[in-house]
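What follows is a single structure, written as structure tokens, with notes after it.
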Amino acid sequence: MRPRQSSEKRPDAMNLRQSVKTLCPYLTKFKGRVFIALMALIGAKGATLLMPWALKEIIDSVDKSINPLLVIPALLLLMYGALRFASVFFGEIRDAVFSRVTEHAMRDIGLKVFKHLHSLELAFHLDRQTGGISRDIERGTSGLSFLMRFLMFNIVPTLFEILTVAIIFGTLFSVWFALITLLAVAIYITFTVVVTQWRNRFIREANAADNQSNTRAVDSLLNYETVKYFNNEQFEAKTYDTFLANWEKARLKNRMSLLALNSGQALIIACAITALMWLGSTEVVAGTLSIGELVMINAYMIQLFLPLNFLGFVYREIRRALTDLENMLGLLNKKPQITDALNAKELNISQGEITFNNVSFSYDTHRPILNNLSFSVKAGSKVAIVGASGAGKSSLARLLYRFYDVNAGEISIDNQAINSVTLNSLRKAIAIVPQDTVLFNTTIRENIAYGRPSASDAEIDEAIAMAHLKDFIATLDKGDKTLVGERGLKVSGGEKQRIAIARAILKKSHILIFDEATSALDSHSEQAILAAMREVASNHTSIVIAHRLSTITDADTIIVLKSGQIIEQGKHDELLTLAGEYARMWELQHKKQIVCDPS
């Protein structure tokens, strides 16, 4: 199994201009802090630019050939020390003040992406790779922090410092000093930009390999039990190592390209400093420059090329950060497919009648699921949907909840088309007990309270009692404060479904959907839950999607689906009298029950 890698950006990734445009509002949100940080930056840069001049004055003042009295320049020494302190102190003030802007931006954009992910349709989340997306967000927020700090306080100030030093050289010394400096800087920046652009493909390739290995690791750990069931620990390790090997190769390419970039930058800096020192030394010999001025030139060059070298690092890191940020911000480019209509109104439930009118639906064009389906669920009634696997039973619940939109036809509640009302009001009116219940890694009580976080303790206790969870909770040392484990692995399937039923009860919705709600329960628990379901559903419109026909014999209407169409419809006794598909299914399940329980 060889994973496919790509060094290309994802099609929905933002480009540089879009990324910068997205970040700009976060700078303007705290104008006062940004202004103070800029003033501190100016103070730090001013002190940095004055230090070589102060050093030159100190050297010239103690040079016997210039000052035979050899007086120690105490004031200049104090000034030099003060400038060094000021350059660091103002820099620290700048970082401390601006950190609030950076951290708040990270919080805001992280929340924005998180909320946007929840706004995307179910199809996106079924196709997503959780490990890869979490890695994109992790690297993206780190990249955001780097960009906010360095783009504003390193790139622009360093370029300003370069220009200032060139002006100082051109004004105080020969114009050749300024020309050599500017030429070296131009070559350095051009080289850095061109080579960094070339390196981006290796960075993206390494990121893609990192995402793939992380996704595989997360997927394997989430399916821990499946791995154990099939003794596939070695297979998983070998597969994961294949992904890690690709990551290792990608990282090696990245490192080798970094070697080429750093070596080229070092060569340009060495040539420029050598040329300037050669020019300065000849003028000292000619008597046109003092020793102090030569030292000042050298100090400026060191002071200039150190940040210039850092500029190369910052530019590389900014490009890398932007590459990391592209995919995270690119998630914001993903438009939700299931949204409110322009003039959507709140769903107003007067009775709770549900109507499917000529509904057709398919997940893709090659596999139709529902075909011109029509039926009604009267207010307060209980309708059961049965059929073989793949008949389209669970798709009905997903369509009613608007996880997907129909391809044709219309679904309405109390004569209100569900695609004409707000998603929030629609989903608030429907409580679902899913076939595969996944719990949060927190306590039993908190998982139940998730159905309505504002519910009182008395309401939660009532939901626990109605779901027949009291006896189970009483056997636990920590009661309903017991942790259920990741994805609810510490409780059995039946217990998870009872927690899901309690959660649905607590939601207090007008419409209830039970999607195979008793599939993981034993016979005793099933009867208890069925009693609870009957009690809960008595004043609600309810749809029961069932595999066990014994659980829906009391339904007001039973609909039998086959290949996305209704082939039979009626009460339990009526359908048995027809001796059709339902009767055949009933007889088959009854025989299985006798075989499993011959007593």
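Residue names in the structure tokens use chain letters A, B, ... in the order shown, residue numbers from 1 in each chain, and ligand numbers from 1 in the order shown.
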
Show me, as a PyMOL selection string, the residues that have an atom within 12 Å of Ala275 of chain A when counting only C-alpha atoms, minus same-chain residues fewer than 6 positions from it.
chain A and resi 176-181+183-184+268-269+281-282+297-298+301

Please write the residues from the selection above to a file, keeping N, CA, C and O atoms, as a PDB file, in the first residue's frame.
ATOM      1  N   TRP A 176      30.240  54.516  -3.207  1.00  0.00           N
ATOM      2  CA  TRP A 176      30.464  53.100  -3.482  1.00  0.00           C
ATOM      3  C   TRP A 176      30.032  52.212  -2.311  1.00  0.00           C
ATOM      4  O   TRP A 176      29.571  51.087  -2.504  1.00  0.00           O
ATOM      5  N   PHE A 177      30.182  52.741  -1.096  1.00  0.00           N
ATOM      6  CA  PHE A 177      29.732  51.977   0.072  1.00  0.00           C
ATOM      7  C   PHE A 177      28.223  51.709  -0.012  1.00  0.00           C
ATOM      8  O   PHE A 177      27.756  50.609   0.254  1.00  0.00           O
ATOM      9  N   ALA A 178      27.475  52.763  -0.381  1.00  0.00           N
ATOM     10  CA  ALA A 178      26.016  52.629  -0.487  1.00  0.00           C
ATOM     11  C   ALA A 178      25.634  51.703  -1.631  1.00  0.00           C
ATOM     12  O   ALA A 178      24.743  50.848  -1.490  1.00  0.00           O
ATOM     13  N   LEU A 179      26.327  51.832  -2.788  1.00  0.00           N
ATOM     14  CA  LEU A 179      25.994  51.014  -3.949  1.00  0.00           C
ATOM     15  C   LEU A 179      26.273  49.532  -3.692  1.00  0.00           C
ATOM     16  O   LEU A 179      25.460  48.672  -4.050  1.00  0.00           O
ATOM     17  N   ILE A 180      27.456  49.250  -3.082  1.00  0.00           N
ATOM     18  CA  ILE A 180      27.779  47.848  -2.770  1.00  0.00           C
ATOM     19  C   ILE A 180      26.761  47.269  -1.804  1.00  0.00           C
ATOM     20  O   ILE A 180      26.303  46.126  -1.953  1.00  0.00           O
ATOM     21  N   THR A 181      26.368  48.051  -0.805  1.00  0.00           N
ATOM     22  CA  THR A 181      25.382  47.586   0.181  1.00  0.00           C
ATOM     23  C   THR A 181      24.043  47.282  -0.473  1.00  0.00           C
ATOM     24  O   THR A 181      23.461  46.202  -0.282  1.00  0.00           O
ATOM     25  N   LEU A 183      23.391  46.787  -3.691  1.00  0.00           N
ATOM     26  CA  LEU A 183      23.511  45.705  -4.659  1.00  0.00           C
ATOM     27  C   LEU A 183      23.506  44.349  -3.959  1.00  0.00           C
ATOM     28  O   LEU A 183      22.826  43.413  -4.395  1.00  0.00           O
ATOM     29  N   ALA A 184      24.248  44.247  -2.863  1.00  0.00           N
ATOM     30  CA  ALA A 184      24.301  42.985  -2.113  1.00  0.00           C
ATOM     31  C   ALA A 184      22.923  42.627  -1.565  1.00  0.00           C
ATOM     32  O   ALA A 184      22.494  41.456  -1.625  1.00  0.00           O
ATOM     33  N   ILE A 268      26.766  35.266  -0.562  1.00  0.00           N
ATOM     34  CA  ILE A 268      26.457  36.664  -0.915  1.00  0.00           C
ATOM     35  C   ILE A 268      26.902  37.604   0.202  1.00  0.00           C
ATOM     36  O   ILE A 268      27.523  38.651  -0.043  1.00  0.00           O
ATOM     37  N   ILE A 269      26.609  37.244   1.463  1.00  0.00           N
ATOM     38  CA  ILE A 269      26.999  38.082   2.609  1.00  0.00           C
ATOM     39  C   ILE A 269      28.520  38.185   2.702  1.00  0.00           C
ATOM     40  O   ILE A 269      29.074  39.283   2.893  1.00  0.00           O
ATOM     41  N   SER A 281      39.399  49.637   4.096  1.00  0.00           N
ATOM     42  CA  SER A 281      40.815  49.522   4.485  1.00  0.00           C
ATOM     43  C   SER A 281      41.710  50.378   3.601  1.00  0.00           C
ATOM     44  O   SER A 281      42.656  51.029   4.082  1.00  0.00           O
ATOM     45  N   THR A 282      41.434  50.389   2.301  1.00  0.00           N
ATOM     46  CA  THR A 282      42.240  51.226   1.393  1.00  0.00           C
ATOM     47  C   THR A 282      42.098  52.705   1.726  1.00  0.00           C
ATOM     48  O   THR A 282      43.070  53.479   1.622  1.00  0.00           O
ATOM     49  N   ILE A 297      31.921  51.322  10.053  1.00  0.00           N
ATOM     50  CA  ILE A 297      31.465  50.633   8.837  1.00  0.00           C
ATOM     51  C   ILE A 297      31.292  49.143   9.113  1.00  0.00           C
ATOM     52  O   ILE A 297      30.284  48.527   8.744  1.00  0.00           O
ATOM     53  N   ASN A 298      32.308  48.581   9.771  1.00  0.00           N
ATOM     54  CA  ASN A 298      32.248  47.144  10.081  1.00  0.00           C
ATOM     55  C   ASN A 298      31.058  46.833  11.003  1.00  0.00           C
ATOM     56  O   ASN A 298      30.353  45.839  10.811  1.00  0.00           O
ATOM     57  N   MET A 301      27.901  46.972   9.047  1.00  0.00           N
ATOM     58  CA  MET A 301      27.754  45.808   8.177  1.00  0.00           C
ATOM     59  C   MET A 301      27.327  44.573   8.967  1.00  0.00           C
ATOM     60  O   MET A 301      26.454  43.815   8.542  1.00  0.00           O
TER      61      MET A 301
END

From segment 256-367 of chain A, collect each residue whose DSSP state is alpha helix (DSSP H) and return the set as a ChimeraX atom specification.
/A:256-286,291-330

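Within 9 Å of segment 302-306 of chain A there are A:Thr48, A:Leu49, A:Pro52, A:Thr158, A:Glu161, A:Ile162, A:Val165, A:Val185, A:Ile269, A:Ile273, A:Ile297, A:Leu311, counting only C-alpha atoms and ignoring same-chain residues fewer than 5 positions away.
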
Those residues with C-alpha atoms, as a PDB file, in the first residue's frame please?
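Below is the file part.pdb, written as the result:
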ATOM      1  CA  THR A  48      20.245  50.131  17.101  1.00  0.00           C
ATOM      2  CA  LEU A  49      21.198  52.578  14.333  1.00  0.00           C
ATOM      3  CA  PRO A  52      27.795  52.080  15.583  1.00  0.00           C
ATOM      4  CA  THR A 158      14.789  45.456   8.412  1.00  0.00           C
ATOM      5  CA  GLU A 161      17.278  49.716   8.392  1.00  0.00           C
ATOM      6  CA  ILE A 162      18.979  48.683   5.138  1.00  0.00           C
ATOM      7  CA  VAL A 165      22.461  52.412   6.480  1.00  0.00           C
ATOM      8  CA  VAL A 185      20.891  43.387  -0.503  1.00  0.00           C
ATOM      9  CA  ILE A 269      26.999  38.082   2.609  1.00  0.00           C
ATOM     10  CA  ILE A 273      31.418  42.264   3.614  1.00  0.00           C
ATOM     11  CA  ILE A 297      31.465  50.633   8.837  1.00  0.00           C
ATOM     12  CA  LEU A 311      15.400  38.412   7.040  1.00  0.00           C
TER      13      LEU A 311
END

Within 12 Å of segment 403-424 of chain A, which residues of segment 227-338 of chain A show up? Give each one with its shortest atom-to-atom distance in Å (one decimal) and the two atoms involved, counting only C-alpha atoms, rows by chain then rising residue number, as CSV.
residue,atom,partner,partner_atom,distance
A:Pro336,CA,A:Phe403,CA,11.1
A:Gln337,CA,A:Tyr404,CA,8.6
A:Ile338,CA,A:Tyr404,CA,6.9

Just want the 10 Å neighbourhood of Gly451 of chain A, counted on only C-alpha atoms, with same-chain residues fewer than 6 positions away dropped. Output as JSON, numbers by chain.
{"A": [431, 460, 500, 501, 502, 503, 504, 505, 506, 507, 508]}
